[in-house]
Amino acid sequence: EVQLVQSGAEVKKPGESLKISCKGSGYSFTSYWIGWVRQMPGKGLEWMGIIYPGDSETTYSPSFKGQVTISADKSISTAYLQWSSLKASDSAMYYCARLPEDDDDYWGQGTLVTVSS
Amino acid sequence: IQLTQSPSSLSASVGDRVTITCRASQGIRSYLAWYQQKPGKAPNLLIYDASTLQSGVPSRFSGSGSGTDFTLTISRLQPEDFATYYCQQRNTYPLYTFGQGTKLEIK
């Protein structure tokens with residue numbers, strides 16, 4: 001069974017760094033793209049960027065380029081989303097999702113990030 | 001590619017037929033999916049390739065369209081259908097953008 005399990009909720013202060021994770025299981029982790037999706041409170045879904053763990057090729061949506069870093073450690077089947085200096089506006093729910101292909105569609109459970117002084 | 005959904009919100013009653021539209025800023029062939037999202041949950045795939053129903057999704061959901069104009073129709077609303085719906089284009093591999101969402105509320 002394919003599963004994407006994300007790390008738990010985080011509460012951080014502005015300016016702090018953060019790295020959240022998404023562990024894949026039940027499939028060949030290196031063979032599928034994994035992306036990150038932001039959902040700000042009461043707002044819609046935004047595709048942030050995506051990584052191919054097999055060779056670490058990464059693509060970012062223009063709005064998120066330079067704001068976050070996406071990486072992966074294929075030895076432990078885990079993808080990451082990180083910030084070097086959080087802002088209050090980074091407060092959101094973050095989902096990881098395997099790049100969908102036809103009816104093949106898998107999402108993590110979401111990680112809530114709260115940034116507040 | 002920008003996706004514009006309309007309406008942004010919609011009030012309807014159980015048993016109603018509702019239609020949500022999604023317009024792409026450029027042609028995306030039939031590479032469009034529809035998702036349903038309920039509060040606090042990850043999105044759930046309903047339809048892909050514009051009109052193919054995901055396994056397990058009730059037949060009251062249907063999709064149509066190609067090129068730039070697409071629709072999602074729910075033929076007879078059930079209480080569990082009140083949620084937010086998103087279209088997603090799958091034409092620009094590997095960045096698949098979403099529409100802004102349509103919130104379907106009970107009248």
# chains A, B, ... in the order shown; residues from 1 in each chain; ligands from 1
$ select_by_dssp --residues "chain B" --states "strand (DSSP E)" --output "NGL selection string"
:B and (3-6 or 9-12 or 18-24 or 32-37 or 44-48 or 52-53 or 61-66 or 69-74 or 84-89 or 102-106)
$ closest_atom_pairs --of "chain A" --to "chain B" --cutoff "7 Å" --atoms "only C-alpha atoms" --output "JSON lines"
{"residue": "A:Gly44", "atom": "CA", "partner": "B:Gln100", "partner_atom": "CA", "distance": 5.5}
{"residue": "A:Leu45", "atom": "CA", "partner": "B:Phe98", "partner_atom": "CA", "distance": 6.4}
{"residue": "A:Glu46", "atom": "CA", "partner": "B:Phe98", "partner_atom": "CA", "distance": 6.6}
{"residue": "A:Trp47", "atom": "CA", "partner": "B:Thr97", "partner_atom": "CA", "distance": 5.9}
{"residue": "A:Gly49", "atom": "CA", "partner": "B:Leu95", "partner_atom": "CA", "distance": 6.9}
{"residue": "A:Asp102", "atom": "CA", "partner": "B:Tyr48", "partner_atom": "CA", "distance": 6.0}
{"residue": "A:Asp103", "atom": "CA", "partner": "B:Gln54", "partner_atom": "CA", "distance": 6.1}
{"residue": "A:Trp107", "atom": "CA", "partner": "B:Ala42", "partner_atom": "CA", "distance": 6.7}
{"residue": "A:Gln109", "atom": "CA", "partner": "B:Ala42", "partner_atom": "CA", "distance": 6.2}
{"residue": "A:Gly110", "atom": "CA", "partner": "B:Ala42", "partner_atom": "CA", "distance": 7.0}
$ write_last_selection --atoms "N, CA, C and O atoms" --output "PDB file, in the first residue's frame"
ATOM      1  N   GLY A  44      -6.883  28.461  -1.073  1.00  0.00           N
ATOM      2  CA  GLY A  44      -6.814  27.335  -1.984  1.00  0.00           C
ATOM      3  C   GLY A  44      -5.474  26.616  -1.971  1.00  0.00           C
ATOM      4  O   GLY A  44      -4.587  26.902  -1.163  1.00  0.00           O
ATOM      5  N   LEU A  45      -5.355  25.677  -2.892  1.00  0.00           N
ATOM      6  CA  LEU A  45      -4.178  24.825  -3.007  1.00  0.00           C
ATOM      7  C   LEU A  45      -3.165  25.453  -3.961  1.00  0.00           C
ATOM      8  O   LEU A  45      -3.522  25.871  -5.057  1.00  0.00           O
ATOM      9  N   GLU A  46      -1.914  25.482  -3.544  1.00  0.00           N
ATOM     10  CA  GLU A  46      -0.841  26.055  -4.372  1.00  0.00           C
ATOM     11  C   GLU A  46       0.278  25.032  -4.501  1.00  0.00           C
ATOM     12  O   GLU A  46       0.851  24.615  -3.498  1.00  0.00           O
ATOM     13  N   TRP A  47       0.591  24.688  -5.748  1.00  0.00           N
ATOM     14  CA  TRP A  47       1.662  23.728  -5.984  1.00  0.00           C
ATOM     15  C   TRP A  47       2.981  24.489  -5.865  1.00  0.00           C
ATOM     16  O   TRP A  47       3.262  25.382  -6.647  1.00  0.00           O
ATOM     17  N   GLY A  49       6.395  23.178  -5.556  1.00  0.00           N
ATOM     18  CA  GLY A  49       7.550  22.656  -6.256  1.00  0.00           C
ATOM     19  C   GLY A  49       7.567  21.151  -6.145  1.00  0.00           C
ATOM     20  O   GLY A  49       6.734  20.556  -5.461  1.00  0.00           O
ATOM     21  N   ASP A 102      -2.888   9.841 -14.163  1.00  0.00           N
ATOM     22  CA  ASP A 102      -4.227   9.265 -14.331  1.00  0.00           C
ATOM     23  C   ASP A 102      -4.880   9.129 -12.964  1.00  0.00           C
ATOM     24  O   ASP A 102      -5.025  10.119 -12.252  1.00  0.00           O
ATOM     25  N   ASP A 103      -5.259   7.900 -12.559  1.00  0.00           N
ATOM     26  CA  ASP A 103      -5.953   7.718 -11.282  1.00  0.00           C
ATOM     27  C   ASP A 103      -4.993   7.450 -10.133  1.00  0.00           C
ATOM     28  O   ASP A 103      -5.417   7.195  -9.017  1.00  0.00           O
ATOM     29  N   TRP A 107      -1.538  11.403  -1.386  1.00  0.00           N
ATOM     30  CA  TRP A 107      -1.225  12.597  -0.624  1.00  0.00           C
ATOM     31  C   TRP A 107      -0.803  12.211   0.795  1.00  0.00           C
ATOM     32  O   TRP A 107      -1.277  11.207   1.343  1.00  0.00           O
ATOM     33  N   GLN A 109      -0.792  13.380   4.919  1.00  0.00           N
ATOM     34  CA  GLN A 109      -1.900  13.828   5.767  1.00  0.00           C
ATOM     35  C   GLN A 109      -1.846  15.317   6.076  1.00  0.00           C
ATOM     36  O   GLN A 109      -2.787  15.879   6.621  1.00  0.00           O
ATOM     37  N   GLY A 110      -0.727  15.953   5.701  1.00  0.00           N
ATOM     38  CA  GLY A 110      -0.583  17.385   5.948  1.00  0.00           C
ATOM     39  C   GLY A 110       0.226  17.678   7.196  1.00  0.00           C
ATOM     40  O   GLY A 110       0.176  16.929   8.177  1.00  0.00           O
TER      41      GLY A 110
END
$ atom_distance --atom1 "atom CA of A:Gly54" --atom2 "atom CA of A:Asp90"
28.4 Å
$ closest_residue --among "A:Gly8, A:Cys22, A:Lys13, A:Ser61" --to "B:Thr92" --atoms "only C-alpha atoms"
A:Ser61
$ atom_distance --atom1 "atom CA of B:Gly63" --atom2 "atom CA of B:Trp34"
8.2 Å
$ select_by_dssp --residues "stretch 1-111 of chain A" --states "helix (DSSP H, G or I)" --output "JSON, numbers by chain"
{"A": [29, 30, 31, 74, 75, 76, 88, 89, 90]}
$ closest_residue --among "A:Ser71, A:Ser28, A:Thr78, A:Ser56" --to "A:Val5" --atoms "only C-alpha atoms"
A:Thr78
$ atom_distance --atom1 "atom CA of B:Gly65" --atom2 "atom CA of A:Pro100"
19.7 Å
